[in-house]
Each structure stands twice: as structure tokens, then as C-alpha cells.
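run_34.pdb follows; it contains PDB, C-alpha atoms, pLDDT in the B column.
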```pdb
ATOM      1  CA  MET H  10     -12.861  -3.605 -12.060  1.00 56.00           C
ATOM      2  CA  ILE H  11     -11.991  -6.496 -14.367  1.00 58.00           C
ATOM      3  CA  ASP H  12     -10.310  -6.071 -17.733  1.00 60.00           C
ATOM      4  CA  TYR H  13     -11.324  -9.328 -19.404  1.00 59.00           C
ATOM      5  CA  ASP H  14      -9.026  -8.777 -22.401  1.00 61.00           C
ATOM      6  CA  LYS H  15      -5.959  -8.524 -20.137  1.00 59.00           C
ATOM      7  CA  LEU H  16      -7.208 -11.439 -18.056  1.00 54.00           C
ATOM      8  CA  ALA H  17      -7.596 -13.602 -21.161  1.00 53.00           C
ATOM      9  CA  SER H  18      -4.140 -12.648 -22.443  1.00 52.00           C
ATOM     10  CA  GLY H  19      -2.504 -13.651 -19.159  1.00 48.00           C
ATOM     11  CA  LYS H  20      -1.733 -10.118 -17.980  1.00 50.00           C
ATOM     12  CA  GLN H  21      -2.925  -8.747 -14.674  1.00 55.00           C
ATOM     13  CA  GLY H  22      -6.619  -8.100 -15.159  1.00 51.00           C
ATOM     14  CA  LEU H  23      -7.791  -7.594 -11.598  1.00 59.00           C
ATOM     15  CA  LYS H  24      -7.191  -4.379  -9.689  1.00 66.00           C
ATOM     16  CA  THR H  25      -8.746  -3.554  -6.352  1.00 80.00           C
ATOM     17  CA  ARG H  26      -9.994  -0.033  -5.723  1.00 80.00           C
ATOM     18  CA  VAL H  27     -11.040   1.006  -2.238  1.00 78.00           C
ATOM     19  CA  LYS H  28     -13.037   4.179  -1.591  1.00 80.00           C
ATOM     20  CA  ALA H  29     -12.303   5.321   1.960  1.00 79.00           C
ATOM     21  CA  ASN H  30     -10.882   8.197   3.986  1.00 80.00           C
ATOM     22  CA  SER H  31      -8.037   5.944   5.167  1.00 79.00           C
ATOM     23  CA  VAL H  32      -7.040   2.327   5.759  1.00 87.00           C
ATOM     24  CA  ARG H  33      -5.292   0.699   8.705  1.00 90.00           C
ATOM     25  CA  PRO H  34      -3.353  -2.582   8.686  1.00 93.00           C
ATOM     26  CA  LEU H  35      -4.014  -5.413  11.110  1.00 93.00           C
ATOM     27  CA  HIS H  36      -1.663  -6.466  13.914  1.00 94.00           C
ATOM     28  CA  ASN H  37       1.967  -5.476  13.198  1.00 94.00           C
ATOM     29  CA  ARG H  38       1.678  -5.089   9.429  1.00 96.00           C
ATOM     30  CA  VAL H  39       2.625  -1.943   7.516  1.00 96.00           C
ATOM     31  CA  ILE H  40       0.931  -0.251   4.570  1.00 95.00           C
ATOM     32  CA  VAL H  41       3.328   1.459   2.159  1.00 96.00           C
ATOM     33  CA  SER H  42       3.023   3.719  -0.869  1.00 93.00           C
ATOM     34  CA  GLY H  43       5.423   4.876  -3.546  1.00 87.00           C
ATOM     35  CA  MET H  44       7.071   1.572  -4.466  1.00 85.00           C
ATOM     36  CA  GLU H  45       8.833   1.918  -7.829  1.00 77.00           C
ATOM     37  CA  PHE H  46       8.373  -0.828 -10.428  1.00 74.00           C
ATOM     38  CA  GLY H  47       8.528   0.993 -13.747  1.00 73.00           C
ATOM     39  CA  GLU H  48      11.222   2.739 -15.739  1.00 75.00           C
ATOM     40  CA  ARG H  49      13.402   5.068 -13.635  1.00 73.00           C
ATOM     41  CA  THR H  50      15.943   7.785 -14.310  1.00 76.00           C
ATOM     42  CA  THR H  51      18.904   8.213 -11.961  1.00 74.00           C
ATOM     43  CA  ASP H  52      20.127  11.585 -10.717  1.00 75.00           C
ATOM     44  CA  GLY H  53      22.862  11.361 -13.357  1.00 79.00           C
ATOM     45  CA  GLY H  54      20.313  10.924 -16.187  1.00 82.00           C
ATOM     46  CA  ILE H  55      20.741   7.184 -16.767  1.00 81.00           C
ATOM     47  CA  ILE H  56      17.474   5.538 -17.818  1.00 78.00           C
ATOM     48  CA  ILE H  57      16.864   2.166 -16.177  1.00 73.00           C
ATOM     49  CA  THR H  58      14.167   0.167 -17.954  1.00 74.00           C
ATOM     50  CA  SER H  59      11.469  -1.619 -16.002  1.00 71.00           C
ATOM     51  CA  ASP H  60      12.776  -4.807 -14.410  1.00 66.00           C
ATOM     52  CA  ASP H  61       9.469  -5.997 -12.993  1.00 64.00           C
ATOM     53  CA  GLY H  62       9.001  -9.707 -13.682  1.00 65.00           C
ATOM     54  CA  LYS H  63      12.609 -10.230 -14.838  1.00 66.00           C
ATOM     55  CA  ASP H  64      15.521 -11.918 -13.060  1.00 64.00           C
ATOM     56  CA  ARG H  65      17.307  -8.622 -12.507  1.00 61.00           C
ATOM     57  CA  GLY H  66      14.150  -7.294 -10.829  1.00 59.00           C
ATOM     58  CA  ILE H  67      14.714  -9.565  -7.847  1.00 68.00           C
ATOM     59  CA  LYS H  68      15.814  -7.056  -5.247  1.00 76.00           C
ATOM     60  CA  PRO H  69      14.440  -5.269  -2.204  1.00 84.00           C
ATOM     61  CA  ARG H  70      12.466  -2.086  -2.817  1.00 86.00           C
ATOM     62  CA  TRP H  71      11.816   1.087  -0.848  1.00 90.00           C
ATOM     63  CA  GLY H  72       8.318   2.110   0.210  1.00 92.00           C
ATOM     64  CA  LYS H  73       6.983   5.072   2.177  1.00 95.00           C
ATOM     65  CA  VAL H  74       5.128   4.140   5.369  1.00 96.00           C
ATOM     66  CA  TYR H  75       1.468   5.073   4.949  1.00 95.00           C
ATOM     67  CA  ALA H  76       0.165   3.389   8.132  1.00 95.00           C
ATOM     68  CA  LYS H  77       1.320   0.995  10.887  1.00 96.00           C
ATOM     69  CA  GLY H  78      -0.772  -1.651  12.600  1.00 95.00           C
ATOM     70  CA  PRO H  79      -1.637  -1.195  16.287  1.00 95.00           C
ATOM     71  CA  GLU H  80       0.813  -3.911  17.409  1.00 95.00           C
ATOM     72  CA  ASN H  81       3.766  -2.569  15.388  1.00 95.00           C
ATOM     73  CA  ASN H  82       6.362  -1.197  17.814  1.00 94.00           C
ATOM     74  CA  ASP H  83       9.167  -0.788  15.265  1.00 94.00           C
ATOM     75  CA  PRO H  84      11.098   2.520  15.455  1.00 94.00           C
ATOM     76  CA  TYR H  85       9.972   3.939  12.093  1.00 94.00           C
ATOM     77  CA  ASP H  86       6.966   6.237  11.825  1.00 95.00           C
ATOM     78  CA  VAL H  87       4.363   7.125   9.217  1.00 95.00           C
ATOM     79  CA  GLY H  88       6.164   9.127   6.514  1.00 95.00           C
ATOM     80  CA  ASP H  89       9.479   7.266   6.940  1.00 95.00           C
ATOM     81  CA  TYR H  90      10.905   4.997   4.242  1.00 94.00           C
ATOM     82  CA  ILE H  91      11.440   1.254   4.667  1.00 94.00           C
ATOM     83  CA  LEU H  92      13.428  -1.203   2.541  1.00 91.00           C
ATOM     84  CA  ILE H  93      11.340  -4.328   2.003  1.00 91.00           C
ATOM     85  CA  GLU H  94      12.609  -7.824   1.297  1.00 89.00           C
ATOM     86  CA  HIS H  95      11.985  -8.838  -2.327  1.00 84.00           C
ATOM     87  CA  GLY H  96       8.484 -10.130  -2.990  1.00 82.00           C
ATOM     88  CA  ARG H  97       7.269  -9.621   0.581  1.00 87.00           C
ATOM     89  CA  TRP H  98       4.531  -7.161  -0.391  1.00 88.00           C
ATOM     90  CA  THR H  99       0.969  -7.684  -1.557  1.00 89.00           C
ATOM     91  CA  ARG H 100      -0.404  -6.745  -4.942  1.00 86.00           C
ATOM     92  CA  GLY H 101      -1.146  -3.071  -5.178  1.00 87.00           C
ATOM     93  CA  TYR H 102      -4.578  -1.752  -4.406  1.00 88.00           C
ATOM     94  CA  ASP H 103      -5.805   1.745  -5.152  1.00 89.00           C
ATOM     95  CA  LEU H 104      -7.143   3.905  -2.344  1.00 89.00           C
ATOM     96  CA  GLU H 105      -9.479   6.611  -3.598  1.00 87.00           C
ATOM     97  CA  GLY H 106      -9.861   9.372  -1.029  1.00 82.00           C
ATOM     98  CA  PRO H 107     -12.864  11.661  -0.596  1.00 83.00           C
ATOM     99  CA  ASP H 108     -11.226  14.272  -2.860  1.00 85.00           C
ATOM    100  CA  GLY H 109     -10.892  11.741  -5.700  1.00 83.00           C
ATOM    101  CA  ASP H 110      -7.099  11.349  -5.439  1.00 87.00           C
ATOM    102  CA  VAL H 111      -5.962   7.763  -6.024  1.00 89.00           C
ATOM    103  CA  GLU H 112      -2.881   6.286  -4.352  1.00 89.00           C
ATOM    104  CA  THR H 113      -1.524   2.762  -4.885  1.00 90.00           C
ATOM    105  CA  LEU H 114      -0.802   1.003  -1.604  1.00 93.00           C
ATOM    106  CA  ARG H 115       0.678  -2.359  -0.631  1.00 93.00           C
ATOM    107  CA  THR H 116       0.695  -4.282   2.644  1.00 94.00           C
ATOM    108  CA  VAL H 117       3.954  -5.585   4.139  1.00 94.00           C
ATOM    109  CA  GLU H 118       4.672  -7.843   7.098  1.00 93.00           C
ATOM    110  CA  ALA H 119       6.858  -6.127   9.709  1.00 93.00           C
ATOM    111  CA  GLU H 120       9.331  -9.046   9.632  1.00 94.00           C
ATOM    112  CA  SER H 121      10.140  -8.203   5.985  1.00 93.00           C
ATOM    113  CA  VAL H 122      11.517  -4.733   6.743  1.00 94.00           C
ATOM    114  CA  LEU H 123      15.299  -4.705   6.221  1.00 92.00           C
ATOM    115  CA  LEU H 124      16.160  -1.015   6.808  1.00 90.00           C
ATOM    116  CA  TRP H 125      14.421   2.264   7.496  1.00 92.00           C
ATOM    117  CA  SER H 126      15.219   5.912   6.914  1.00 91.00           C
ATOM    118  CA  ASP H 127      13.543   9.152   7.881  1.00 90.00           C
ATOM    119  CA  GLU H 128      14.965  10.758   4.722  1.00 90.00           C
ATOM    120  CA  VAL H 129      14.144  10.033   1.095  1.00 87.00           C
ATOM    121  CA  PRO H 130      16.526   7.200   0.155  1.00 84.00           C
ATOM    122  CA  LYS H 131      19.197   7.751  -2.461  1.00 74.00           C
ATOM    123  CA  ASP H 132      18.723   5.851  -5.686  1.00 57.00           C
ATOM    124  CA  SER H 133      18.868   2.140  -4.839  1.00 53.00           C
ATOM    125  CA  LEU H 134      21.249   1.239  -7.671  1.00 49.00           C
ATOM    126  CA  PHE H 135      23.476   4.283  -7.885  1.00 40.00           C
ATOM    127  CA  GLY H 136      24.387   6.858  -5.311  1.00 39.00           C
ATOM    128  CA  ASP H 137      27.160   7.900  -2.987  1.00 41.00           C
ATOM    129  CA  LYS H 138      28.452   4.342  -2.355  1.00 42.00           C
ATOM    130  CA  THR H 139      30.922   4.561  -5.251  1.00 39.00           C
ATOM    131  CA  GLY H 140      32.927   7.317  -3.577  1.00 41.00           C
ATOM    132  CA  VAL H 141      32.264   9.868  -6.307  1.00 39.00           C
ATOM    133  CA  GLY H 142      29.494  12.426  -6.627  1.00 44.00           C
ATOM    134  CA  ALA H 143      26.694  12.459  -9.186  1.00 44.00           C
ATOM    135  CA  SER H 144      28.467  15.186 -11.185  1.00 46.00           C
ATOM    136  CA  ASP H 145      31.787  13.306 -11.349  1.00 48.00           C
ATOM    137  CA  SER H 146      32.822  10.833 -13.997  1.00 52.00           C
ATOM    138  CA  HIS H 147      33.127   7.206 -12.971  1.00 54.00           C
ATOM    139  CA  ARG H 148      36.588   5.771 -13.583  1.00 60.00           C
ATOM    140  CA  PRO H 149      37.681   2.140 -13.101  1.00 60.00           C
ATOM    141  CA  GLU H 150      40.064   3.149 -10.281  1.00 64.00           C
ATOM    142  CA  ASP H 151      37.083   4.511  -8.298  1.00 61.00           C
ATOM    143  CA  PHE H 152      35.920   0.920  -7.771  1.00 60.00           C
ATOM    144  CA  ILE H 153      39.234  -0.567  -6.641  1.00 64.00           C
ATOM    145  CA  ASN H 154      39.811  -0.975  -2.906  1.00 55.00           C
TER     146      ASN H 154
END
```
Could you write out this file's structure as C-alpha cells?
Amino acid sequence: MIDYDKLASGKQGLKTRVKANSVRPLHNRVIVSGMEFGERTTDGGIIITSDDGKDRGIKPRWGKVYAKGPENNDPYDVGDYILIEHGRWTRGYDLEGPDGDVETLRTVEAESVLLWSDEVPKDSLFGDKTGVGASDSHRPEDFIN
């Protein structure tokens, strides 16, 4: 579907929609879902505005493995989470299943996977790396070695 007004104004006007029961990547590629690009709220209630297309948006992002190509022998499985090198994913395309549910997917090259986890990753910006829990207050001394 083409939104000619968005296309003329320079915004993304093309979006691919695939109607299928499933999709499978070629070779060793990976298809992921659930990549976050919009506004987010941390566990502590901090609202982080969308950073997509801005300098501070240049960072790796987590995605949930939807499918692996037949030549992909990496240790993660469908349903695991992978951290993907910044910008090493395709534009999103919508997969519309037989029940009408739509899911946005992206394709990733296996060489762009930095980490993987079989658990839902903690927030990528905040989390337990500071040494204090989500219910604690952050003090300057918490960040000193």
C-alpha cells in the first residue's frame, strides 16, 4: 500500500504487507519481531521519547527470533531474544496471518547478532547494571567504582 501524501512529504510511504501462514528466511538469516523504536517507559516509570532517526538512536536493539534460516547453526532458538548491531536489520514488513493478526517482522544477517538470551531482556538503557534495584533511589555514589 502506498501513502502518496507521506511519500511526497519525504516520510516513509511504502509498507510491505505479506499474507501468509508463515515466512522463512534464506540461508543463515534470521527473522525477528518485537523490535522497539517508539516511545518507551522503563520499569521505574521513566518515559523515554522515540529516538528513531536521531543521533542518540544509534544503538543495538533487541528482537525476538521468529524464524531461522536452514543454514543457521547459531545456539539461539525461535522464541529467544537477540541483540542486533545498529542498523543491521531490514525495513519492517507486516505479516498478516490467516486469522487476520498482523505482526511486524524484520530480517537480520546472522553475523549482526551480538548477544542472545532465552529470557526477556531487561530494559536496554536501565536495569540491574547500576547495582541498585528498580525500587531504590539512584545516588551519585552508586555509580562510583
*Return the single residue from H:Val74, H:Pro79, H:His95, H:Arg33 that is closest to Phe46 of chain H, with distances computed using all atoms listed in the file.*
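Looking at the shortest contact to Phe46 of chain H, the residue is H:His95.
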_Nearest to Pro69 of chain H, chosen from H:Val129, H:Leu124, H:Val39, H:Val27, with all atoms listed in the file counted in the distances_ =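 Of H:Val129, H:Leu124, H:Val39, H:Val27, the one nearest Pro69 of chain H, counting all atoms listed in the file, is H:Leu124.
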Emit as AutoDock Vina command-line options the padded axis-aligned box for all listed atoms of segment 41-58 of chain H, 3 Å per side, with centre and edge lengths in Å to one decimal.
```
--center_x 12.9 --center_y 5.4 --center_z -7.9 --size_x 25.8 --size_y 18.4 --size_z 26.1
```
_Once the PyMOL selection byres ((chain H and resi 126) around 8) is applied to the coordinates I shared, what remains selected? I want it as a PyMOL selection string._
chain H and resi 85+89-91+124-125+127-130
*Between H:Lys131, H:Glu80, H:Tyr75, H:Ile57, which has the minimum distance to Gly43 of chain H (counting all atoms listed in the file)?*
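Result for the nearest residue to Gly43 of chain H: H:Tyr75.
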*Would you translate the PyMOL selection byres ((chain H and resi 108-117) around 8) into the concrete set of residues it matches in this file, as a list in words?*
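In the shown coordinates, the PyMOL selection byres ((chain H and resi 108-117) around 8) covers Pro34, Arg38, Val39, Ile40, Val41, Ser42, Gly43, Ile93, Arg97, Trp98, Thr99, Arg100, Gly101, Tyr102, Asp103, Leu104, Glu105, Gly106, Pro107, Glu118, Ala119 and Ser121 of chain H.
In terms of minimum interatomic distance to Trp71 of chain H, H:Leu123 ranks closest within H:Leu123, H:Leu35, H:Ile56, H:Ala29, counting only C-alpha atoms.
The space separating atom CA of Val122 of chain H from atom CA of Arg26 of chain H comes to 25.3 Å.
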_Rounded to one decimal, what separation in Å do you get between atom CA of Glu120 of chain H and atom CA of Leu92 of chain H?_
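Distance reported for this atom pair: 11.3 Å.
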*Provide the atom CA of Glu94 of chain H to atom CA of Gly54 of chain H distance in Å, to one decimal place.*
26.8 Å
*Check what the PyMOL selection byres ((chain H and resi 48) around 9) selects in the file above and give those residues as a PyMOL selection string.*
chain H and resi 45-47+49-50+56-60
